[in-house]
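Student: Structure in structure tokens, see below.
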Amino acid sequence: MSFSDCMQSSGLPVPSVDGLNEAKEFIENLHQAWEAAGGEVEMTLAALLAVGAVTGIDEEAVAAVAAVTVSAYIGACIGCLAAAGIEALKDLFASNPPQDFMSQQLASLGFDLSSSDTAAA
């Protein structure tokens, strides 16, 4: 399943990305914008968009899920990144390592990217 298909099937706004590398960049930029806006656990996507802290998400699509928290959306994005499969992630992270928050979220989902014989739990 692709990143975009996963986001769509979850009923969440699909960011404008082309491939896993752009999806990773989007997640990192969203996380950075969220932290810059205070990083409050209860902050919603609508609130983050209202302060102009993030781009790449269709504002009309966000209206349907405006109450979704940024942290939940970031978690869903990372989960959908993982849906691409462990080998695709290893290839991506070999040339473009994930930030700590992303590694931690992937580990909580059962993905250990540290060894070559890793498989999802």
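Here, A, B, ... name the chains of the structure tokens in the order displayed, residue numbers run from 1 inside each chain, and ligands are numbered from 1 in the same displayed order.
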If you count only C-alpha atoms, which residues fall within 7 Å of Met43 in chain A, apart from same-chain ones fewer than 2 positions away, as a list in words?

Tutor: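 Here the qualifying residues turn out to be Glu40, Val41, Leu45, Ala47, Thr69 and Val70 of chain A.
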
Student: Where does DSSP see alpha helix (DSSP H) in chain A, if you list the residues as a VMD selection string?

Tutor: chain A and resid 3 to 9 20 to 36 45 to 50 59 to 64 70 to 82 86 to 95 100 to 108

Student: In terms of the shortest atom-to-atom distance over only C-alpha atoms, which of A:Ala66, A:Lys24, A:Asp91, A:Ala84 is closest to Ser103 in chain A?

Tutor: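 Checking each candidate against Ser103 in chain A, we get A:Lys24 as the closest.
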
Student: Just the residues within 7 Å of Val14 in chain A, please, counting only C-alpha atoms, with nothing from its chain fewer than 2 positions along; format it as a compact mmCIF listing (two decimals) with C-alpha atoms, in the first residue's frame.

Tutor:
```
# COMPACT_ATOMS: atom_id res chain seq x y z
CA SER A 4 -1.11 8.25 -0.03
CA MET A 7 -3.68 8.12 4.44
CA GLN A 8 -6.77 8.15 2.25
CA LEU A 12 -7.16 11.65 6.77
CA SER A 16 0.94 16.57 -1.52
CA ILE A 57 -2.26 19.82 3.26
```

Student: Might you pull out every residue within 12 Å of Ser10 in chain A, with only C-alpha atoms counted and same-chain residues fewer than 3 positions away left off, and present them as a list in words?

Tutor: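 The neighbour list is Phe3, Ser4, Asp5, Cys6, Met7, Pro13, Val14, Val65, Ala72, Tyr73, Gly75, Ala76, Cys77, Gly79 and Cys80 of chain A.
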
Student: Can you pull out every residue within 12 Å of Leu89 in chain A, counting only C-alpha atoms, but drop anything in the same chain fewer than 3 positions away, and send it as a ChimeraX atom specification?

Tutor: /A:3,19-21,23-24,78-86,92-98,102-103,106,111-114,116,118-120
